[in-house]
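For reference, data-v4.cif (mmCIF, C-alpha atoms):
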```cif
data_upload
loop_
_atom_site.group_PDB
_atom_site.id
_atom_site.type_symbol
_atom_site.label_atom_id
_atom_site.label_comp_id
_atom_site.auth_asym_id
_atom_site.auth_seq_id
_atom_site.Cartn_x
_atom_site.Cartn_y
_atom_site.Cartn_z
ATOM 1 C CA MET A 1 5.268 -72.684 -8.285
ATOM 2 C CA ALA A 2 6.945 -71.225 -11.347
ATOM 3 C CA SER A 3 3.839 -69.187 -12.116
ATOM 4 C CA VAL A 4 3.748 -67.965 -8.554
ATOM 5 C CA ASP A 5 7.405 -66.985 -8.671
ATOM 6 C CA GLY A 6 6.828 -65.246 -12.007
ATOM 7 C CA SER A 7 3.905 -63.302 -10.565
ATOM 8 C CA SER A 8 5.964 -62.405 -7.535
ATOM 9 C CA ASN A 9 8.840 -61.195 -9.699
ATOM 10 C CA SER A 10 6.473 -59.113 -11.830
ATOM 11 C CA LYS A 11 4.987 -57.561 -8.752
ATOM 12 C CA ARG A 12 8.467 -56.833 -7.419
ATOM 13 C CA ARG A 13 9.441 -55.208 -10.695
ATOM 14 C CA ARG A 14 6.299 -53.061 -10.723
ATOM 15 C CA THR A 15 6.966 -51.965 -7.152
ATOM 16 C CA THR A 16 10.539 -51.052 -8.023
ATOM 17 C CA VAL A 17 9.446 -49.040 -11.070
ATOM 18 C CA ALA A 18 6.794 -47.234 -9.003
ATOM 19 C CA ALA A 19 9.367 -46.404 -6.347
ATOM 20 C CA ASP A 20 11.732 -45.087 -9.000
ATOM 21 C CA ASN A 21 8.944 -42.945 -10.485
ATOM 22 C CA ASN A 22 8.073 -41.544 -7.050
ATOM 23 C CA SER A 23 11.735 -40.782 -6.489
ATOM 24 C CA CYS A 24 11.844 -38.842 -9.768
ATOM 25 C CA LEU A 25 8.751 -36.849 -8.831
ATOM 26 C CA GLN A 26 10.203 -35.979 -5.453
ATOM 27 C CA ASP A 27 13.301 -34.575 -7.137
ATOM 28 C CA ILE A 28 11.333 -32.039 -9.227
ATOM 29 C CA TYR A 29 11.209 -28.552 -7.749
ATOM 30 C CA LEU A 30 9.371 -25.414 -8.830
ATOM 31 C CA SER A 31 12.685 -23.720 -9.444
ATOM 32 C CA ASP A 32 13.610 -26.501 -11.902
ATOM 33 C CA LEU A 33 10.925 -25.361 -14.351
ATOM 34 C CA THR A 34 11.999 -23.285 -17.330
ATOM 35 C CA ILE A 35 11.897 -19.507 -17.139
ATOM 36 C CA GLY A 36 9.287 -19.468 -19.895
ATOM 37 C CA ILE A 37 6.896 -21.665 -17.889
ATOM 38 C CA LEU A 38 7.440 -19.625 -14.721
ATOM 39 C CA ASP A 39 6.923 -16.313 -16.536
ATOM 40 C CA HIS A 40 3.748 -17.590 -18.158
ATOM 41 C CA THR A 41 2.409 -18.803 -14.809
ATOM 42 C CA ALA A 42 3.244 -15.499 -13.132
ATOM 43 C CA SER A 43 1.446 -13.542 -15.852
ATOM 44 C CA PHE A 44 -1.902 -14.734 -14.442
ATOM 45 C CA LEU A 45 -1.178 -13.312 -10.972
ATOM 46 C CA ALA A 46 -1.890 -9.865 -9.530
ATOM 47 C CA PRO A 47 1.290 -7.775 -9.026
ATOM 48 C CA PRO A 48 1.685 -8.514 -5.275
ATOM 49 C CA SER A 49 1.136 -12.240 -5.889
ATOM 50 C CA ARG A 50 3.612 -12.120 -8.761
ATOM 51 C CA ALA A 51 6.229 -10.550 -6.527
ATOM 52 C CA LEU A 52 5.582 -13.094 -3.744
ATOM 53 C CA PHE A 53 5.872 -15.869 -6.328
ATOM 54 C CA ALA A 54 9.283 -14.506 -7.341
ATOM 55 C CA VAL A 55 10.414 -14.436 -3.707
ATOM 56 C CA ALA A 56 9.303 -18.070 -3.315
ATOM 57 C CA LEU A 57 11.692 -19.043 -6.112
ATOM 58 C CA THR A 58 14.755 -17.753 -4.269
ATOM 59 C CA ASN A 59 17.154 -19.729 -2.115
ATOM 60 C CA ASP A 60 17.436 -19.548 1.639
ATOM 61 C CA ASN A 61 19.424 -16.303 1.342
ATOM 62 C CA HIS A 62 16.374 -14.694 -0.354
ATOM 63 C CA LYS A 63 18.630 -13.094 -2.976
ATOM 64 C CA PRO A 64 17.168 -12.659 -6.492
ATOM 65 C CA ASN A 65 18.183 -15.338 -8.961
ATOM 66 C CA GLU A 66 17.665 -15.836 -12.679
ATOM 67 C CA ASN A 67 14.126 -17.169 -12.267
ATOM 68 C CA SER A 68 12.876 -14.578 -9.772
ATOM 69 C CA SER A 69 14.523 -11.693 -11.616
ATOM 70 C CA SER A 70 12.834 -12.703 -14.856
ATOM 71 C CA ILE A 71 9.405 -12.597 -13.193
ATOM 72 C CA THR A 72 9.863 -9.245 -11.459
ATOM 73 C CA ALA A 73 11.419 -7.643 -14.545
ATOM 74 C CA SER A 74 8.362 -8.376 -16.653
ATOM 75 C CA ASP A 75 5.925 -6.035 -14.917
ATOM 76 C CA ASP A 76 5.218 -2.358 -14.274
ATOM 77 C CA TRP A 77 5.481 -1.750 -10.536
ATOM 78 C CA ASP A 78 4.137 1.829 -10.427
ATOM 79 C CA ILE A 79 1.307 0.704 -8.121
ATOM 80 C CA LEU A 80 1.781 -2.029 -5.526
ATOM 81 C CA ASP A 81 -1.447 -2.631 -3.606
ATOM 82 C CA PHE A 82 -1.610 -5.654 -1.306
ATOM 83 C CA GLY A 83 -5.378 -5.311 -1.420
ATOM 84 C CA GLU A 84 -5.162 -7.169 -4.724
ATOM 85 C CA ILE A 85 -4.390 -10.450 -2.962
ATOM 86 C CA GLU A 86 -6.540 -12.510 -0.597
ATOM 87 C CA LYS A 87 -7.203 -10.667 2.650
ATOM 88 C CA GLU A 88 -6.211 -13.716 4.714
ATOM 89 C CA LEU A 89 -2.866 -13.954 2.912
ATOM 90 C CA ALA A 90 -2.078 -10.255 3.306
ATOM 91 C CA ALA A 91 -2.908 -10.502 7.015
ATOM 92 C CA ARG A 92 -0.264 -13.239 7.430
ATOM 93 C CA LEU A 93 2.552 -11.379 5.684
ATOM 94 C CA SER A 94 5.440 -10.379 7.932
ATOM 95 C CA ASP A 95 7.854 -7.481 7.686
ATOM 96 C CA TYR A 96 10.386 -9.852 6.163
ATOM 97 C CA ASP A 97 7.925 -11.004 3.497
ATOM 98 C CA ILE A 98 7.125 -7.474 2.379
ATOM 99 C CA SER A 99 10.744 -6.364 2.631
ATOM 100 C CA ASP A 100 11.724 -9.244 0.327
ATOM 101 C CA VAL A 101 9.044 -8.164 -2.154
ATOM 102 C CA LEU A 102 10.219 -4.540 -2.147
ATOM 103 C CA GLN A 103 13.828 -5.601 -2.644
ATOM 104 C CA HIS A 104 13.000 -7.991 -5.491
ATOM 105 C CA ILE A 105 11.110 -5.366 -7.493
ATOM 106 C CA ASP A 106 13.736 -2.693 -6.739
ATOM 107 C CA ALA A 107 10.970 -0.611 -5.160
ATOM 108 C CA VAL A 108 13.182 2.368 -4.303
ATOM 109 C CA TYR A 109 13.371 3.066 -8.053
ATOM 110 C CA THR A 110 10.115 1.570 -9.345
ATOM 111 C CA VAL A 111 7.155 1.931 -6.947
ATOM 112 C CA LYS A 112 5.210 5.193 -7.099
ATOM 113 C CA ARG A 113 2.193 4.184 -5.022
ATOM 114 C CA LEU A 114 2.412 1.683 -2.159
ATOM 115 C CA LYS A 115 -0.686 0.481 -0.322
ATOM 116 C CA LEU A 116 -0.166 -1.966 2.533
ATOM 117 C CA THR A 117 -3.823 -2.989 2.549
ATOM 118 C CA ASN A 118 -4.648 -5.706 5.119
ATOM 119 C CA CYS A 119 -0.976 -6.101 6.154
ATOM 120 C CA ILE A 120 -1.956 -5.950 9.817
ATOM 121 C CA LYS A 121 0.992 -8.006 11.098
ATOM 122 C CA ILE A 122 3.803 -5.602 10.216
ATOM 123 C CA SER A 123 5.750 -3.232 12.455
ATOM 124 C CA GLY A 124 6.870 -1.080 9.524
ATOM 125 C CA ILE A 125 10.544 -2.038 9.275
ATOM 126 C CA CYS A 126 9.572 -3.672 5.981
ATOM 127 C CA LEU A 127 9.713 -0.201 4.381
ATOM 128 C CA GLU A 128 13.494 -0.054 4.716
ATOM 129 C CA PRO A 129 14.022 -0.895 0.988
ATOM 130 C CA LEU A 130 12.181 2.378 0.205
ATOM 131 C CA ARG A 131 14.658 4.499 2.159
ATOM 132 C CA GLY A 132 15.568 7.630 0.211
ATOM 133 C CA SER A 133 13.167 6.936 -2.658
ATOM 134 C CA LYS A 134 12.752 9.847 -5.065
ATOM 135 C CA VAL A 135 9.967 8.236 -7.097
ATOM 136 C CA VAL A 136 7.374 7.165 -4.516
ATOM 137 C CA GLU A 137 4.364 9.504 -4.554
ATOM 138 C CA GLN A 138 1.908 7.841 -2.171
ATOM 139 C CA ILE A 139 2.284 5.565 0.842
ATOM 140 C CA ASP A 140 -0.885 4.219 2.440
ATOM 141 C CA LEU A 141 -0.258 2.891 5.947
ATOM 142 C CA SER A 142 -3.910 2.767 7.010
ATOM 143 C CA LEU A 143 -3.818 -1.036 6.466
ATOM 144 C CA VAL A 144 -7.449 -1.081 5.273
ATOM 145 C CA GLY A 145 -9.150 -1.217 1.897
ATOM 146 C CA ASP A 146 -11.811 0.888 0.221
ATOM 147 C CA GLY A 147 -14.968 1.304 2.278
ATOM 148 C CA GLU A 148 -13.333 0.150 5.513
ATOM 149 C CA SER A 149 -12.885 2.059 8.745
ATOM 150 C CA PRO A 150 -9.241 2.494 9.835
ATOM 151 C CA ARG A 151 -10.260 1.870 13.460
ATOM 152 C CA LEU A 152 -8.820 -1.642 13.750
ATOM 153 C CA ASP A 153 -9.439 -3.874 16.760
ATOM 154 C CA PRO A 154 -7.096 -5.225 17.955
ATOM 155 C CA GLU A 155 -4.709 -2.459 17.021
ATOM 156 C CA PRO A 156 -1.963 -3.506 14.592
ATOM 157 C CA PRO A 157 1.685 -3.443 15.738
ATOM 158 C CA ILE A 158 2.785 -0.881 13.128
ATOM 159 C CA SER A 159 5.122 1.545 14.903
ATOM 160 C CA TYR A 160 6.044 5.107 14.038
ATOM 161 C CA TYR A 161 9.425 4.495 15.666
ATOM 162 C CA ALA A 162 10.129 1.999 12.879
ATOM 163 C CA VAL A 163 8.534 3.986 10.053
ATOM 164 C CA MET A 164 9.431 7.633 10.735
ATOM 165 C CA PRO A 165 13.185 7.396 9.980
ATOM 166 C CA ILE A 166 12.329 5.892 6.593
ATOM 167 C CA LEU A 167 9.706 8.532 5.824
ATOM 168 C CA ASP A 168 12.149 11.241 6.896
ATOM 169 C CA SER A 169 14.707 9.922 4.412
ATOM 170 C CA ILE A 170 12.100 10.082 1.643
ATOM 171 C CA VAL A 171 10.669 13.543 2.271
ATOM 172 C CA ALA A 172 14.138 15.032 2.879
ATOM 173 C CA ALA A 173 15.570 13.654 -0.368
ATOM 174 C CA GLU A 174 16.377 16.140 -3.103
ATOM 175 C CA GLY A 175 13.734 15.670 -5.769
ATOM 176 C CA CYS A 176 11.207 14.083 -3.373
ATOM 177 C CA SER A 177 7.998 13.113 -5.210
ATOM 178 C CA ILE A 178 5.686 12.490 -2.231
ATOM 179 C CA LYS A 179 2.137 13.738 -2.799
ATOM 180 C CA HIS A 180 0.120 11.851 -0.201
ATOM 181 C CA LEU A 181 0.616 9.965 3.060
ATOM 182 C CA GLN A 182 -2.152 8.009 4.785
ATOM 183 C CA PHE A 183 -1.314 7.115 8.372
ATOM 184 C CA PRO A 184 -2.639 4.381 10.690
ATOM 185 C CA TYR A 185 -5.528 5.450 12.893
ATOM 186 C CA LYS A 186 -3.647 4.313 16.015
ATOM 187 C CA TRP A 187 -1.084 7.093 15.430
ATOM 188 C CA ARG A 188 -3.771 9.738 14.970
ATOM 189 C CA ARG A 189 -6.217 8.666 17.655
ATOM 190 C CA ASN A 190 -4.725 10.623 20.555
ATOM 191 C CA ARG A 191 -3.025 13.873 19.583
ATOM 192 C CA SER A 192 0.159 14.513 21.529
ATOM 193 C CA ILE A 193 2.511 17.369 20.733
ATOM 194 C CA ASP A 194 5.304 15.393 22.436
ATOM 195 C CA SER A 195 5.009 12.345 20.173
ATOM 196 C CA GLU A 196 7.399 11.392 17.379
ATOM 197 C CA PHE A 197 4.440 11.351 15.039
ATOM 198 C CA HIS A 198 3.521 14.978 15.801
ATOM 199 C CA ALA A 199 7.158 15.996 15.340
ATOM 200 C CA PHE A 200 7.126 14.359 11.908
ATOM 201 C CA ILE A 201 3.967 16.257 10.910
ATOM 202 C CA LEU A 202 5.666 19.547 11.761
ATOM 203 C CA ARG A 203 8.845 18.542 9.885
ATOM 204 C CA TYR A 204 6.837 17.470 6.854
ATOM 205 C CA ASN A 205 4.837 20.703 6.649
ATOM 206 C CA GLU A 206 7.955 22.787 7.203
ATOM 207 C CA MET A 207 9.899 20.841 4.594
ATOM 208 C CA ARG A 208 7.260 21.353 1.922
ATOM 209 C CA GLY A 209 7.069 25.044 2.767
ATOM 210 C CA THR A 210 10.839 25.514 2.841
ATOM 211 C CA ARG A 211 11.435 23.983 -0.551
ATOM 212 C CA GLY A 212 8.582 25.987 -2.062
ATOM 213 C CA ASP A 213 6.500 22.912 -2.750
ATOM 214 C CA THR A 214 3.147 24.677 -2.799
ATOM 215 C CA GLY A 215 1.699 22.575 -5.573
ATOM 216 C CA ILE A 216 -0.862 23.671 -8.117
ATOM 217 C CA CYS A 217 -4.596 23.047 -7.780
ATOM 218 C CA PHE A 218 -5.765 20.646 -10.476
ATOM 219 C CA HIS A 219 -9.035 22.596 -10.817
ATOM 220 C CA CYS A 220 -8.227 26.331 -10.615
ATOM 221 C CA ASN A 221 -4.418 26.288 -11.147
ATOM 222 C CA GLU A 222 -3.782 28.368 -8.020
ATOM 223 C CA ASP A 223 -1.087 27.728 -5.411
ATOM 224 C CA LEU A 224 -2.495 25.320 -2.866
ATOM 225 C CA THR A 225 -1.030 26.771 0.326
ATOM 226 C CA GLN A 226 -1.299 30.453 -0.468
ATOM 227 C CA ASN A 227 -3.429 30.857 2.683
ATOM 228 C CA GLU A 228 -0.855 29.014 4.818
ATOM 229 C CA ASP A 229 -2.914 25.855 4.927
ATOM 230 C CA LYS A 230 -1.066 22.739 6.108
ATOM 231 C CA TRP A 231 -0.436 19.609 4.102
ATOM 232 C CA ILE A 232 -0.954 17.379 7.143
ATOM 233 C CA LEU A 233 -3.297 18.710 9.823
ATOM 234 C CA PRO A 234 -1.465 19.180 13.157
ATOM 235 C CA ASP A 235 -4.293 20.651 15.238
ATOM 236 C CA ASP A 236 -7.877 19.485 14.763
ATOM 237 C CA ASP A 237 -8.500 16.375 16.879
ATOM 238 C CA ASP A 238 -11.201 14.999 14.580
ATOM 239 C CA VAL A 239 -9.002 14.990 11.486
ATOM 240 C CA TYR A 240 -5.612 15.148 13.181
ATOM 241 C CA GLY A 241 -2.810 13.675 11.067
ATOM 242 C CA THR A 242 -4.823 13.480 7.855
ATOM 243 C CA HIS A 243 -3.377 14.682 4.570
ATOM 244 C CA CYS A 244 -5.054 17.719 2.976
ATOM 245 C CA HIS A 245 -5.369 19.032 -0.563
ATOM 246 C CA THR A 246 -4.999 15.583 -2.137
ATOM 247 C CA CYS A 247 -7.391 12.994 -3.536
ATOM 248 C CA PHE A 248 -6.606 9.557 -2.149
ATOM 249 C CA GLN A 249 -7.577 7.914 -5.442
ATOM 250 C CA CYS A 250 -5.777 9.951 -8.120
ATOM 251 C CA THR A 251 -3.400 11.980 -5.864
ATOM 252 C CA ASN A 252 -4.263 15.177 -7.737
ATOM 253 C CA HIS A 253 -4.037 18.324 -5.608
ATOM 254 C CA TYR A 254 -6.938 20.688 -4.910
ATOM 255 C CA CYS A 255 -7.199 23.908 -2.943
ATOM 256 C CA TYR A 256 -10.102 25.154 -0.825
ATOM 257 C CA CYS A 257 -10.797 28.461 -2.535
ATOM 258 C CA ASN A 258 -14.354 29.546 -3.327
ATOM 259 C CA THR A 259 -13.980 28.325 -6.899
ATOM 260 C CA CYS A 260 -13.025 24.823 -5.799
ATOM 261 C CA LEU A 261 -15.364 24.451 -2.846
ATOM 262 C CA MET A 262 -18.230 23.944 -5.222
ATOM 263 C CA ASN A 263 -18.346 22.438 -8.696
ATOM 264 C CA ASP A 264 -20.636 24.584 -10.857
ATOM 265 C CA ASP A 265 -21.581 21.664 -13.106
ATOM 266 C CA ASP A 266 -23.175 19.354 -10.556
ATOM 267 C CA GLU A 267 -23.007 21.449 -7.372
ATOM 268 C CA GLU A 268 -20.750 18.990 -5.570
ATOM 269 C CA ASP A 269 -17.618 19.901 -3.654
ATOM 270 C CA ILE A 270 -14.488 19.247 -5.690
ATOM 271 C CA LEU A 271 -12.660 17.588 -2.773
ATOM 272 C CA ARG A 272 -14.588 16.018 0.103
ATOM 273 C CA TYR A 273 -13.676 14.097 3.225
ATOM 274 C CA CYS A 274 -15.269 10.745 4.100
ATOM 275 C CA SER A 275 -15.751 10.524 7.863
ATOM 276 C CA ASN A 276 -15.818 6.718 7.869
ATOM 277 C CA CYS A 277 -12.672 5.741 5.929
ATOM 278 C CA GLN A 278 -11.124 9.151 6.725
ATOM 279 C CA ARG A 279 -9.918 9.864 3.211
ATOM 280 C CA ASP A 280 -10.307 12.803 0.846
ATOM 281 C CA TYR A 281 -11.737 12.098 -2.614
ATOM 282 C CA CYS A 282 -12.221 14.399 -5.582
ATOM 283 C CA ALA A 283 -15.565 14.448 -7.386
ATOM 284 C CA GLU A 284 -13.935 12.986 -10.501
ATOM 285 C CA CYS A 285 -12.871 9.786 -8.707
ATOM 286 C CA VAL A 286 -15.274 8.919 -5.889
ATOM 287 C CA LYS A 287 -18.608 10.445 -4.988
ATOM 288 C CA VAL A 288 -18.942 11.733 -1.417
ATOM 289 C CA GLU A 289 -22.388 12.688 -0.143
ATOM 290 C CA ASP A 290 -23.876 13.736 3.178
ATOM 291 C CA CYS A 291 -24.868 10.847 5.415
ATOM 292 C CA ARG A 292 -28.657 10.560 5.690
ATOM 293 C CA ILE A 293 -28.378 10.321 9.489
ATOM 294 C CA CYS A 294 -25.387 12.329 10.745
ATOM 295 C CA LYS A 295 -24.908 14.579 7.680
ATOM 296 C CA ASP A 296 -21.158 13.893 7.655
ATOM 297 C CA GLY A 297 -19.529 13.148 4.306
ATOM 298 C CA VAL A 298 -19.617 9.463 3.322
ATOM 299 C CA CYS A 299 -17.949 8.134 0.175
ATOM 300 C CA GLU A 300 -19.640 5.717 -2.206
ATOM 301 C CA TYR A 301 -17.487 2.823 -0.955
ATOM 302 C CA CYS A 302 -18.499 3.331 2.676
ATOM 303 C CA ASP A 303 -22.106 4.160 1.792
ATOM 304 C CA LYS A 304 -22.574 0.539 0.685
ATOM 305 C CA LEU A 305 -21.926 -0.551 4.270
ATOM 306 C CA PHE A 306 -24.947 1.394 5.507
ATOM 307 C CA GLU A 307 -27.431 0.387 2.823
#
```
What does this structure look like when you write it as structure tokens?
Amino acid sequence: MASVDGSSNSKRRRTTVAADNNSCLQDIYLSDLTIGILDHTASFLAPPSRALFAVALTNDNHKPNENSSSITASDDWDILDFGEIEKELAARLSDYDISDVLQHIDAVYTVKRLKLTNCIKISGICLEPLRGSKVVEQIDLSLVGDGESPRLDPEPPISYYAVMPILDSIVAAEGCSIKHLQFPYKWRRNRSIDSEFHAFILRYNEMRGTRGDTGICFHCNEDLTQNEDKWILPDDDDVYGTHCHTCFQCTNHYCYCNTCLMNDDDEEDILRYCSNCQRDYCAECVKVEDCRICKDGVCEYCDKLFE
């Protein structure tokens, strides 16, 4: 019996130790790790993932703390493209998720190019942290990646009622840096001169004209709008609401003079429009050729879809 009791006591002791060990493990949280370990872990992540990781380290109030601030301070946030994370994850992000990211990286002062690729769940109120930004140069609201059509089905909930006041605050700011805006297809699909979107197009073109923001062509060094061309097209139904004079990839400006319509070196247009993804690309960044069937311009990203 003594041996049985001894075995029973040993078993009881082992059970108690195991329970204590489990209790210790349950008390360890991600936020308890040292800043050095967290920073090292974050260094392996793409910028959007790194920012989301920082947000995950905050408390319920979602305010930056020592750990999250250390992670977001250790990166260059010039370009924030949610296309760099898994498509399924980006598609689940809410306005609050993206707003938290923008606040944590101080986006109003740091982000120059924002691409909300695959963020199909948002209404657009997530852009509030960008209000009045003087550094942002490009905002892509098409919600699709390279080589993808912006004609989404079902249509995303992104609303110009939510977005326009924020864009107005950016383009009206003294020292505005905006070079390119890419809008959702759902806003451009049916042209209406009575819509808030159309009113914004007119305000945007007028604003850039009023402040003398003609821009200089990257190729010929001439003023871009010397022929009263518009920055965002307000008329043509096929390309209504698309941004002109600007390469989507590099955001360099180009005019449509005879010198720039054709590149003498390789006989390709300097700036061409892809009819599938509905973006302009310069010949230096992305090749755009005539479709073999319809003869419309198709960029090299979209061309892969038809091979």
(request) Let me know the residues the PyMOL selection byres ((chain A and resi 122) around 6) catches in the file above, as a list in words. (result) Ser94, Asp95, Ile120, Lys121, Ser123, Gly124 and Ile158 of chain A
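A straight line drawn from CA of Ala173 (chain A) to CA of Ile216 (chain A) is 20.7 Å long.
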(message) Which residue is closest to Gly132 (chain A)? Choose from A:Asp194, A:Glu174, A:Asp39, A:Asp235 and count all atoms listed in the file.
(response) A:Glu174
(message) Using only C-alpha atoms, can you tell me which of A:Lys295, A:Arg50, A:Gln278, A:Asp78 comes closest to Pro150 (chain A)?
(response)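 Comparing A:Lys295, A:Arg50, A:Gln278, A:Asp78 against Pro150 (chain A), the winner is A:Gln278.
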(request) Could you give me, as a list in words, the residues within 10 Å of Met164 (chain A), counting only C-alpha atoms and dropping anything in the same chain fewer than 5 positions from it? (result)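 Within the cut-off, the hits are Gly124, Ile125, Ser159, Ser169, Ile170, Glu196, Phe197, Ala199 and Phe200 of chain A.
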(message) Between A:Cys274, A:Leu93, A:Ile232, A:Val101, which residue has the minimum interatomic distance to Cys244 (chain A), considering only C-alpha atoms?
(response) A:Ile232
(message) To one decimal place in Å, what is the distance between CA of Thr41 (chain A) and CA of Gln103 (chain A)?
(response) 21.3 Å
(request) Starting from the shown file, work through the PyMOL selection byres ((chain A and resi 147) around 8) and note down what comes out as a list in words. (result)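 This file, filtered by the PyMOL selection byres ((chain A and resi 147) around 8), leaves Gly145, Asp146, Glu148, Ser149, Asn276, Cys277, Cys299, Glu300, Tyr301, Cys302, Asp303, Lys304 and Leu305 of chain A.
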Within 9 Å of Cys250 (chain A), counting only C-alpha atoms, which residues show up once you throw out same-chain ones fewer than 3 positions away? Write them as a short mmCIF file (atom, residue, chain, number, x, y, z; two decimals) with C-alpha atoms, in the coordinates of the input, please.
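Now in out.cif:
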```
data_model
loop_
_atom_site.label_atom_id
_atom_site.label_comp_id
_atom_site.auth_asym_id
_atom_site.auth_seq_id
_atom_site.Cartn_x
_atom_site.Cartn_y
_atom_site.Cartn_z
CA THR A 246 -5.00 15.58 -2.14
CA CYS A 247 -7.39 12.99 -3.54
CA HIS A 253 -4.04 18.32 -5.61
CA TYR A 281 -11.74 12.10 -2.61
CA CYS A 282 -12.22 14.40 -5.58
CA CYS A 285 -12.87 9.79 -8.71
#
```
(message) Between CA of Glu128 (chain A) and CA of Ser99 (chain A), what distance in Å does the model show, to one decimal?
(response) 7.2 Å
(message) List as number ranges by chain the protein and nucleic acid residues near Leu80 (chain A), meaning an atom at most 9 Å away when all atoms listed in the file are counted, but skip any in the same chain fewer than 4 places from it.
(response) A: 47-48, 84, 111-116
(request) Extract, using all atoms listed in the file, all DNA, RNA and protein residues at most 9 Å from Asn205 (chain A), discarding same-chain residues fewer than 6 positions from it, and format them as a list in words. (result) Lys230, Trp231, Ile232 and Leu233 of chain A
For those residues, write C-alpha atoms to a file as a JSON list (two decimals), keeping the file's coordinate frame.
```json
[["chain", "number", "residue", "atom", "x", "y", "z"],
["A", 230, "LYS", "CA", -1.07, 22.74, 6.11],
["A", 231, "TRP", "CA", -0.44, 19.61, 4.10],
["A", 232, "ILE", "CA", -0.95, 17.38, 7.14],
["A", 233, "LEU", "CA", -3.30, 18.71, 9.82]]
```
(request) Pick out the residues sitting within 7 Å of Ala107 (chain A), and hand them over as a PyMOL selection string; count only C-alpha atoms, and ignore anything fewer than 5 positions along from it in its own chain. (result) chain A and resi 102+129-130
(request) Considering only C-alpha atoms, state which residue in the set A:Asn190, A:Arg208, A:Phe218, A:Tyr256 is at the smallest distance from Asp237 (chain A). (result) A:Asn190
(request) Go through A:Tyr109, A:Phe248, A:Phe44, A:Phe53 one by one, measure the shortest atom-to-atom distance of each to Ser142 (chain A) using all atoms listed in the file, and give the residue with the smallest value. (result)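 Of A:Tyr109, A:Phe248, A:Phe44, A:Phe53, the one nearest Ser142 (chain A), counting all atoms listed in the file, is A:Phe248.
Nearest to Asp100 (chain A) of all the residues A:Tyr204, A:Ala51, A:Arg191, A:Ser275 is A:Ala51, counting only C-alpha atoms.
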